[in-house]
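run23.cif (mmCIF, C-alpha atoms, pLDDT in the B column; chains and numbers go by the auth columns) appears below.
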data_final
loop_
_atom_site.group_PDB
_atom_site.id
_atom_site.type_symbol
_atom_site.label_atom_id
_atom_site.label_comp_id
_atom_site.label_asym_id
_atom_site.label_seq_id
_atom_site.Cartn_x
_atom_site.Cartn_y
_atom_site.Cartn_z
_atom_site.B_iso_or_equiv
_atom_site.auth_seq_id
_atom_site.auth_asym_id
ATOM 1 C CA MET A 1 -2.248 20.473 -22.379 55.00 177 A
ATOM 2 C CA LEU A 2 -5.845 20.603 -21.157 62.00 178 A
ATOM 3 C CA ARG A 3 -6.664 17.347 -22.952 89.00 179 A
ATOM 4 C CA THR A 4 -3.535 15.679 -21.495 89.00 180 A
ATOM 5 C CA GLU A 5 -4.512 16.846 -18.007 89.00 181 A
ATOM 6 C CA SER A 6 -7.977 15.330 -18.497 91.00 182 A
ATOM 7 C CA ILE A 7 -6.353 12.019 -19.450 93.00 183 A
ATOM 8 C CA PHE A 8 -4.217 12.117 -16.290 95.00 184 A
ATOM 9 C CA ARG A 9 -7.297 12.879 -14.183 93.00 185 A
ATOM 10 C CA ILE A 10 -9.241 9.955 -15.654 94.00 186 A
ATOM 11 C CA LEU A 11 -6.226 7.660 -15.396 95.00 187 A
ATOM 12 C CA THR A 12 -5.585 8.453 -11.727 93.00 188 A
ATOM 13 C CA ALA A 13 -9.263 7.930 -10.929 94.00 189 A
ATOM 14 C CA LEU A 14 -9.219 4.539 -12.670 96.00 190 A
ATOM 15 C CA LEU A 15 -5.981 3.513 -10.952 96.00 191 A
ATOM 16 C CA PHE A 16 -7.203 4.636 -7.537 92.00 192 A
ATOM 17 C CA VAL A 17 -10.573 2.873 -7.870 94.00 193 A
ATOM 18 C CA THR A 18 -8.889 -0.280 -9.211 97.00 194 A
ATOM 19 C CA ALA A 19 -6.460 -0.370 -6.261 95.00 195 A
ATOM 20 C CA LEU A 20 -9.326 0.142 -3.790 92.00 196 A
ATOM 21 C CA PHE A 21 -11.333 -2.619 -5.469 96.00 197 A
ATOM 22 C CA ILE A 22 -8.406 -5.068 -5.346 96.00 198 A
ATOM 23 C CA SER A 23 -7.697 -4.280 -1.696 92.00 199 A
ATOM 24 C CA GLY A 24 -11.364 -4.445 -0.739 90.00 200 A
ATOM 25 C CA TYR A 25 -11.963 -7.721 -2.562 93.00 201 A
ATOM 26 C CA PHE A 26 -9.043 -9.559 -0.931 92.00 202 A
ATOM 27 C CA ARG A 27 -9.654 -8.050 2.496 86.00 203 A
ATOM 28 C CA ARG A 28 -13.347 -9.059 2.469 88.00 204 A
ATOM 29 C CA GLN A 29 -12.349 -12.546 1.374 87.00 205 A
ATOM 30 C CA ALA A 30 -9.852 -12.766 4.263 81.00 206 A
ATOM 31 C CA GLU A 31 -12.503 -11.566 6.716 79.00 207 A
ATOM 32 C CA ARG A 32 -14.855 -14.336 5.539 81.00 208 A
ATOM 33 C CA GLU A 33 -12.331 -17.172 5.313 77.00 209 A
ATOM 34 C CA GLY A 34 -9.398 -16.189 7.501 62.00 210 A
ATOM 35 C CA GLY A 35 -10.840 -16.685 10.941 61.00 211 A
ATOM 36 C CA VAL A 36 -10.923 -14.285 13.834 56.00 212 A
ATOM 37 C CA LEU A 37 -7.973 -12.276 15.055 55.00 213 A
ATOM 38 C CA ARG A 38 -6.205 -13.649 18.098 52.00 214 A
ATOM 39 C CA THR A 39 -6.677 -10.356 19.974 55.00 215 A
ATOM 40 C CA PRO A 40 -8.387 -7.116 18.917 55.00 216 A
ATOM 41 C CA VAL A 41 -5.215 -5.013 19.082 54.00 217 A
ATOM 42 C CA GLY A 42 -4.104 -2.139 16.933 53.00 218 A
ATOM 43 C CA ASN A 43 -7.552 -0.748 16.126 62.00 219 A
ATOM 44 C CA LYS A 44 -6.697 2.792 17.282 67.00 220 A
ATOM 45 C CA LEU A 45 -3.611 2.744 15.083 62.00 221 A
ATOM 46 C CA ILE A 46 -5.695 1.630 12.098 66.00 222 A
ATOM 47 C CA VAL A 47 -8.182 4.460 12.615 70.00 223 A
ATOM 48 C CA ALA A 48 -5.352 7.004 12.950 69.00 224 A
ATOM 49 C CA MET A 49 -3.646 5.754 9.774 66.00 225 A
ATOM 50 C CA ARG A 50 -6.887 5.848 7.797 70.00 226 A
ATOM 51 C CA LEU A 51 -7.716 9.379 8.973 74.00 227 A
ATOM 52 C CA MET A 52 -4.230 10.606 8.055 70.00 228 A
ATOM 53 C CA ALA A 53 -4.463 8.926 4.643 70.00 229 A
ATOM 54 C CA LEU A 54 -7.887 10.496 4.047 75.00 230 A
ATOM 55 C CA VAL A 55 -6.563 13.992 4.783 74.00 231 A
ATOM 56 C CA VAL A 56 -3.700 13.402 2.368 72.00 232 A
ATOM 57 C CA VAL A 57 -5.916 11.920 -0.361 77.00 233 A
ATOM 58 C CA LEU A 58 -8.678 14.584 -0.233 79.00 234 A
ATOM 59 C CA PRO A 59 -6.882 16.885 -2.728 82.00 235 A
ATOM 60 C CA VAL A 60 -6.852 13.997 -5.214 83.00 236 A
ATOM 61 C CA PHE A 61 -10.658 14.154 -5.278 84.00 237 A
ATOM 62 C CA GLY A 62 -10.387 17.896 -5.889 85.00 238 A
ATOM 63 C CA TYR A 63 -7.934 17.198 -8.719 88.00 239 A
ATOM 64 C CA TRP A 64 -10.404 14.797 -10.343 87.00 240 A
ATOM 65 C CA ILE A 65 -13.303 17.249 -10.107 88.00 241 A
ATOM 66 C CA ASN A 66 -11.488 20.504 -10.884 87.00 242 A
ATOM 67 C CA PRO A 67 -7.657 20.773 -10.909 85.00 243 A
ATOM 68 C CA GLY A 68 -7.971 24.515 -10.253 86.00 244 A
ATOM 69 C CA TRP A 69 -9.247 23.760 -6.763 87.00 245 A
ATOM 70 C CA VAL A 70 -5.909 22.205 -5.821 87.00 246 A
ATOM 71 C CA ALA A 71 -3.570 24.505 -7.735 86.00 247 A
ATOM 72 C CA TRP A 72 -1.995 25.408 -4.358 86.00 248 A
ATOM 73 C CA ALA A 73 -0.923 21.751 -3.918 84.00 249 A
ATOM 74 C CA ARG A 74 0.594 21.227 -7.376 85.00 250 A
ATOM 75 C CA PHE A 75 4.096 21.552 -8.695 85.00 251 A
ATOM 76 C CA ALA A 76 5.361 22.128 -12.228 87.00 252 A
ATOM 77 C CA LEU A 77 6.334 18.883 -13.892 89.00 253 A
ATOM 78 C CA PRO A 78 6.918 18.061 -17.553 93.00 254 A
ATOM 79 C CA VAL A 79 4.519 15.616 -19.152 94.00 255 A
ATOM 80 C CA TRP A 80 7.049 12.841 -19.842 96.00 256 A
ATOM 81 C CA PRO A 81 7.755 11.860 -16.169 96.00 257 A
ATOM 82 C CA ARG A 82 4.015 11.869 -15.562 95.00 258 A
ATOM 83 C CA TRP A 83 3.532 9.384 -18.417 97.00 259 A
ATOM 84 C CA ILE A 84 6.348 7.203 -17.052 97.00 260 A
ATOM 85 C CA ALA A 85 4.707 7.269 -13.613 97.00 261 A
ATOM 86 C CA ALA A 86 1.377 6.337 -15.214 97.00 262 A
ATOM 87 C CA GLY A 87 2.959 3.341 -16.943 97.00 263 A
ATOM 88 C CA PHE A 88 4.645 2.354 -13.689 97.00 264 A
ATOM 89 C CA ALA A 89 1.363 2.601 -11.739 97.00 265 A
ATOM 90 C CA VAL A 90 -0.428 0.481 -14.338 98.00 266 A
ATOM 91 C CA ALA A 91 2.377 -2.103 -14.090 98.00 267 A
ATOM 92 C CA LEU A 92 1.938 -2.160 -10.292 98.00 268 A
ATOM 93 C CA ILE A 93 -1.707 -3.301 -10.549 98.00 269 A
ATOM 94 C CA PRO A 94 -0.893 -6.960 -11.376 98.00 270 A
ATOM 95 C CA VAL A 95 1.874 -6.876 -8.749 98.00 271 A
ATOM 96 C CA MET A 96 -0.723 -5.691 -6.231 97.00 272 A
ATOM 97 C CA VAL A 97 -2.995 -8.610 -7.159 97.00 273 A
ATOM 98 C CA TRP A 98 -0.031 -11.008 -6.839 98.00 274 A
ATOM 99 C CA VAL A 99 0.786 -9.698 -3.349 96.00 275 A
ATOM 100 C CA PHE A 100 -2.825 -9.945 -2.139 95.00 276 A
ATOM 101 C CA ALA A 101 -3.336 -13.377 -3.723 95.00 277 A
ATOM 102 C CA SER A 102 -0.125 -14.615 -2.101 95.00 278 A
ATOM 103 C CA ILE A 103 -1.001 -13.508 1.427 91.00 279 A
ATOM 104 C CA GLY A 104 -4.588 -14.715 0.921 87.00 280 A
ATOM 105 C CA LYS A 105 -6.698 -15.172 4.021 83.00 281 A
ATOM 106 C CA ASN A 106 -3.840 -14.167 6.336 77.00 282 A
ATOM 107 C CA ILE A 107 -4.245 -10.436 5.710 81.00 283 A
ATOM 108 C CA SER A 108 -5.735 -8.324 8.478 71.00 284 A
ATOM 109 C CA ALA A 109 -6.252 -4.634 9.091 65.00 285 A
ATOM 110 C CA SER A 110 -4.397 -4.784 12.406 58.00 286 A
ATOM 111 C CA HIS A 111 -0.927 -6.079 13.192 55.00 287 A
ATOM 112 C CA ASP A 112 -2.362 -9.143 14.905 60.00 288 A
ATOM 113 C CA THR A 113 -2.463 -12.626 13.398 60.00 289 A
ATOM 114 C CA ARG A 114 -5.563 -14.713 12.803 60.00 290 A
ATOM 115 C CA HIS A 115 -6.316 -18.121 14.293 65.00 291 A
ATOM 116 C CA GLY A 116 -5.008 -20.581 11.729 70.00 292 A
ATOM 117 C CA HIS A 117 -2.576 -17.981 10.346 75.00 293 A
ATOM 118 C CA VAL A 118 0.191 -19.529 8.265 82.00 294 A
ATOM 119 C CA LEU A 119 3.566 -18.006 7.516 88.00 295 A
ATOM 120 C CA VAL A 120 3.492 -16.938 3.870 90.00 296 A
ATOM 121 C CA THR A 121 6.871 -17.348 2.172 93.00 297 A
ATOM 122 C CA HIS A 122 5.845 -17.751 -1.462 94.00 298 A
ATOM 123 C CA GLY A 123 5.138 -15.248 -4.225 95.00 299 A
ATOM 124 C CA PRO A 124 6.690 -11.848 -3.457 96.00 300 A
ATOM 125 C CA TYR A 125 6.941 -12.897 0.207 95.00 301 A
ATOM 126 C CA ARG A 126 9.785 -15.143 -0.870 95.00 302 A
ATOM 127 C CA TRP A 127 12.023 -12.059 -1.065 95.00 303 A
ATOM 128 C CA VAL A 128 10.253 -9.344 0.967 95.00 304 A
ATOM 129 C CA ARG A 129 8.435 -9.625 4.295 94.00 305 A
ATOM 130 C CA HIS A 130 6.066 -6.709 3.662 92.00 306 A
ATOM 131 C CA PRO A 131 5.621 -6.347 -0.101 94.00 307 A
ATOM 132 C CA LEU A 132 2.137 -4.889 0.320 91.00 308 A
ATOM 133 C CA TYR A 133 3.599 -1.855 2.073 88.00 309 A
ATOM 134 C CA SER A 134 6.320 -1.532 -0.572 91.00 310 A
ATOM 135 C CA VAL A 135 3.836 -1.702 -3.452 94.00 311 A
ATOM 136 C CA GLY A 136 1.501 0.740 -1.686 89.00 312 A
ATOM 137 C CA PHE A 137 4.333 3.231 -1.211 86.00 313 A
ATOM 138 C CA LEU A 138 5.440 2.965 -4.856 90.00 314 A
ATOM 139 C CA PHE A 139 1.824 3.335 -6.005 91.00 315 A
ATOM 140 C CA ALA A 140 1.395 6.497 -3.885 86.00 316 A
ATOM 141 C CA VAL A 141 4.612 7.966 -5.333 87.00 317 A
ATOM 142 C CA ALA A 142 3.410 7.170 -8.862 92.00 318 A
ATOM 143 C CA LEU A 143 0.082 8.907 -8.171 89.00 319 A
ATOM 144 C CA MET A 144 1.940 11.925 -6.787 87.00 320 A
ATOM 145 C CA VAL A 145 3.957 12.216 -10.004 91.00 321 A
ATOM 146 C CA ILE A 146 0.965 11.611 -12.311 94.00 322 A
ATOM 147 C CA THR A 147 -1.138 14.264 -10.579 91.00 323 A
ATOM 148 C CA ALA A 148 1.819 16.576 -9.849 89.00 324 A
ATOM 149 C CA LEU A 149 0.371 17.048 -6.366 85.00 325 A
ATOM 150 C CA TRP A 150 3.199 17.675 -3.895 80.00 326 A
ATOM 151 C CA TRP A 151 0.560 17.337 -1.172 74.00 327 A
ATOM 152 C CA LEU A 152 0.645 13.552 -1.651 68.00 328 A
ATOM 153 C CA ALA A 153 4.145 13.586 -0.160 70.00 329 A
ATOM 154 C CA GLY A 154 2.148 13.815 3.059 68.00 330 A
ATOM 155 C CA MET A 155 1.698 10.043 2.714 66.00 331 A
ATOM 156 C CA ILE A 156 4.976 9.959 4.617 69.00 332 A
ATOM 157 C CA LEU A 157 2.962 10.504 7.835 70.00 333 A
ATOM 158 C CA PRO A 158 0.817 7.363 7.545 67.00 334 A
ATOM 159 C CA LEU A 159 3.868 5.519 6.218 70.00 335 A
ATOM 160 C CA PHE A 160 5.824 6.505 9.324 73.00 336 A
ATOM 161 C CA VAL A 161 2.986 5.120 11.456 72.00 337 A
ATOM 162 C CA LEU A 162 3.122 2.015 9.270 75.00 338 A
ATOM 163 C CA LEU A 163 6.817 1.619 10.125 77.00 339 A
ATOM 164 C CA VAL A 164 5.896 1.642 13.812 77.00 340 A
ATOM 165 C CA ARG A 165 3.149 -0.856 13.116 79.00 341 A
ATOM 166 C CA THR A 166 5.534 -3.098 11.160 86.00 342 A
ATOM 167 C CA THR A 167 7.743 -3.478 14.224 86.00 343 A
ATOM 168 C CA LYS A 168 4.711 -4.533 16.289 83.00 344 A
ATOM 169 C CA GLU A 169 3.502 -6.795 13.484 85.00 345 A
ATOM 170 C CA GLU A 170 6.853 -8.563 13.311 90.00 346 A
ATOM 171 C CA ALA A 171 6.874 -8.992 17.102 88.00 347 A
ATOM 172 C CA LYS A 172 3.464 -10.703 16.816 85.00 348 A
ATOM 173 C CA LEU A 173 4.758 -12.913 14.012 86.00 349 A
ATOM 174 C CA ILE A 174 7.774 -13.912 16.109 91.00 350 A
ATOM 175 C CA GLU A 175 5.386 -14.653 18.986 87.00 351 A
ATOM 176 C CA THR A 176 3.270 -16.818 16.669 85.00 352 A
ATOM 177 C CA PHE A 177 5.965 -18.559 14.594 89.00 353 A
ATOM 178 C CA GLY A 178 9.109 -18.272 16.741 91.00 354 A
ATOM 179 C CA ASP A 179 12.344 -19.407 15.103 94.00 355 A
ATOM 180 C CA GLU A 180 10.582 -20.065 11.806 94.00 356 A
ATOM 181 C CA TYR A 181 9.890 -16.331 11.477 93.00 357 A
ATOM 182 C CA ARG A 182 13.347 -15.372 12.775 95.00 358 A
ATOM 183 C CA ASP A 183 14.915 -17.549 10.039 95.00 359 A
ATOM 184 C CA TYR A 184 12.578 -15.975 7.488 95.00 360 A
ATOM 185 C CA MET A 185 13.721 -12.524 8.631 94.00 361 A
ATOM 186 C CA LYS A 186 17.361 -13.495 8.072 93.00 362 A
ATOM 187 C CA ARG A 187 16.818 -14.380 4.418 94.00 363 A
ATOM 188 C CA THR A 188 14.386 -11.613 3.401 95.00 364 A
ATOM 189 C CA GLY A 189 14.343 -7.838 3.431 93.00 365 A
ATOM 190 C CA ARG A 190 11.669 -5.917 5.284 92.00 366 A
ATOM 191 C CA PHE A 191 10.507 -3.736 2.373 90.00 367 A
ATOM 192 C CA LEU A 192 13.041 -4.483 -0.357 90.00 368 A
ATOM 193 C CA PRO A 193 14.700 -7.761 -1.348 92.00 369 A
ATOM 194 C CA ARG A 194 17.889 -8.566 0.486 86.00 370 A
ATOM 195 C CA TRP A 195 20.611 -8.827 -2.123 76.00 371 A
ATOM 196 C CA MET A 196 23.408 -10.187 0.046 49.00 372 A
#
Step by step, read the file and then write its structure as structure tokens.
Amino acid sequence: MLRTESIFRILTALLFVTALFISGYFRRQAEREGGVLRTPVGNKLIVAMRLMALVVVLPVFGYWINPGWVAWARFALPVWPRWIAAGFAVALIPVMVWVFASIGKNISASHDTRHGHVLVTHGPYRWVRHPLYSVGFLFAVALMVITALWWLAGMILPLFVLLVRTTKEEAKLIETFGDEYRDYMKRTGRFLPRWM
């Protein structure tokens, strides 16, 4: 079991670093090529979300260094669902790249749009308006199962703030694109594909 736990620790570290690298790469590229934001709004919300996420993620660092440090935040879980979650998280990596590549230079840390922003309706955005949030949520759940850290369920707090932000983000997109975005909303789901 100790060897298996070491594999899970290494795997979560690799997955976490890979996800951060992908996000950082595409976000830096958007900052260079995407143009300036129309207005500097939402910065306080971004800081709050990042601080909440940091508090939630801190035990993961403890898990990587010494799982005994975070024994208080763990729950008993058989090995097989942890392996399934690991496979699922690995499968999400190319999906994450697809989402970031599809939104391209339009991504921003705030809910505001950039000058020259275009409405992205290809790739996963063909079916879902906010696939980045969906993939991020699924990735966080997978990490929670792999590490067996119930503490990661605390990601619900930043995700709740993200729901508030999504409403503001969509209002900005309606302001920018008008009926084109309203029509897009009718044929796509917010976080999951619309089946009917």
**Residue nearest Pro243 of chain A among A:Thr343, A:Ser278, A:Thr323, A:Ser284 (counting only C-alpha atoms)** =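 Residue with the minimum atom-to-atom distance to Pro243 of chain A: A:Thr323.
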**Item:** Closest of A:Lys348, A:Arg363, A:Arg250, A:Arg226 to Leu333 of chain A - atom-to-atom distances counting only C-alpha atoms
**Value:** A:Arg226
Pick out the residues sitting within 8 Å of segment 313-322 of chain A, and hand them over as a short mmCIF file (atom, residue, chain, number, x, y, z; two decimals) with C-alpha atoms, keeping the file's coordinate frame; count all atoms listed in the file, and ignore anything fewer than 5 positions along from it in its own chain.
data_model
loop_
_atom_site.label_atom_id
_atom_site.label_comp_id
_atom_site.auth_asym_id
_atom_site.auth_seq_id
_atom_site.Cartn_x
_atom_site.Cartn_y
_atom_site.Cartn_z
CA PHE A 184 -4.22 12.12 -16.29
CA THR A 188 -5.58 8.45 -11.73
CA PRO A 257 7.76 11.86 -16.17
CA ARG A 258 4.01 11.87 -15.56
CA TRP A 259 3.53 9.38 -18.42
CA ALA A 261 4.71 7.27 -13.61
CA ALA A 262 1.38 6.34 -15.21
CA PHE A 264 4.64 2.35 -13.69
CA ALA A 265 1.36 2.60 -11.74
CA LEU A 268 1.94 -2.16 -10.29
CA TRP A 327 0.56 17.34 -1.17
CA LEU A 328 0.64 13.55 -1.65
CA ALA A 329 4.14 13.59 -0.16
CA MET A 331 1.70 10.04 2.71
CA LEU A 335 3.87 5.52 6.22
#
**Request:** Quick one: apply the PyMOL selection byres ((chain A and resi 296) around 9) to the file and drop the selected residues here as an MDAnalysis selection string.
**Result:** chainID A and resid 278:280 282 293:295 297:299 301:302 305
**Message:** What would the selection look like, as a list in words, if the PyMOL selection byres ((chain A and resi 342) around 12) were run on the coordinates I just shared?
**Reply:**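 Selected by the PyMOL selection byres ((chain A and resi 342) around 12) here: Gly218, Leu221, Ser286, His287, Asp288, Arg305, His306, Pro307, Leu308, Tyr309, Ser310, Leu335, Phe336, Val337, Leu338, Leu339, Val340, Arg341, Thr343, Lys344, Glu345, Glu346, Ala347, Lys348, Leu349, Arg366 and Phe367 of chain A.
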**Prompt:** From the list A:Leu368, A:Ile350, A:Ala249, A:Val266, which residue is nearest Trp326 of chain A when using only C-alpha atoms?
**Reply:**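 Closest to Trp326 of chain A of all the choices is A:Ala249.
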**Nearby residues (only C-alpha atoms) at most 7 Å from Thr364 of chain A, same-chain spacing under 2 positions excluded, as JSON, numbers by chain** = {"A": [303, 304, 305, 360, 361, 362, 366, 369, 370]}
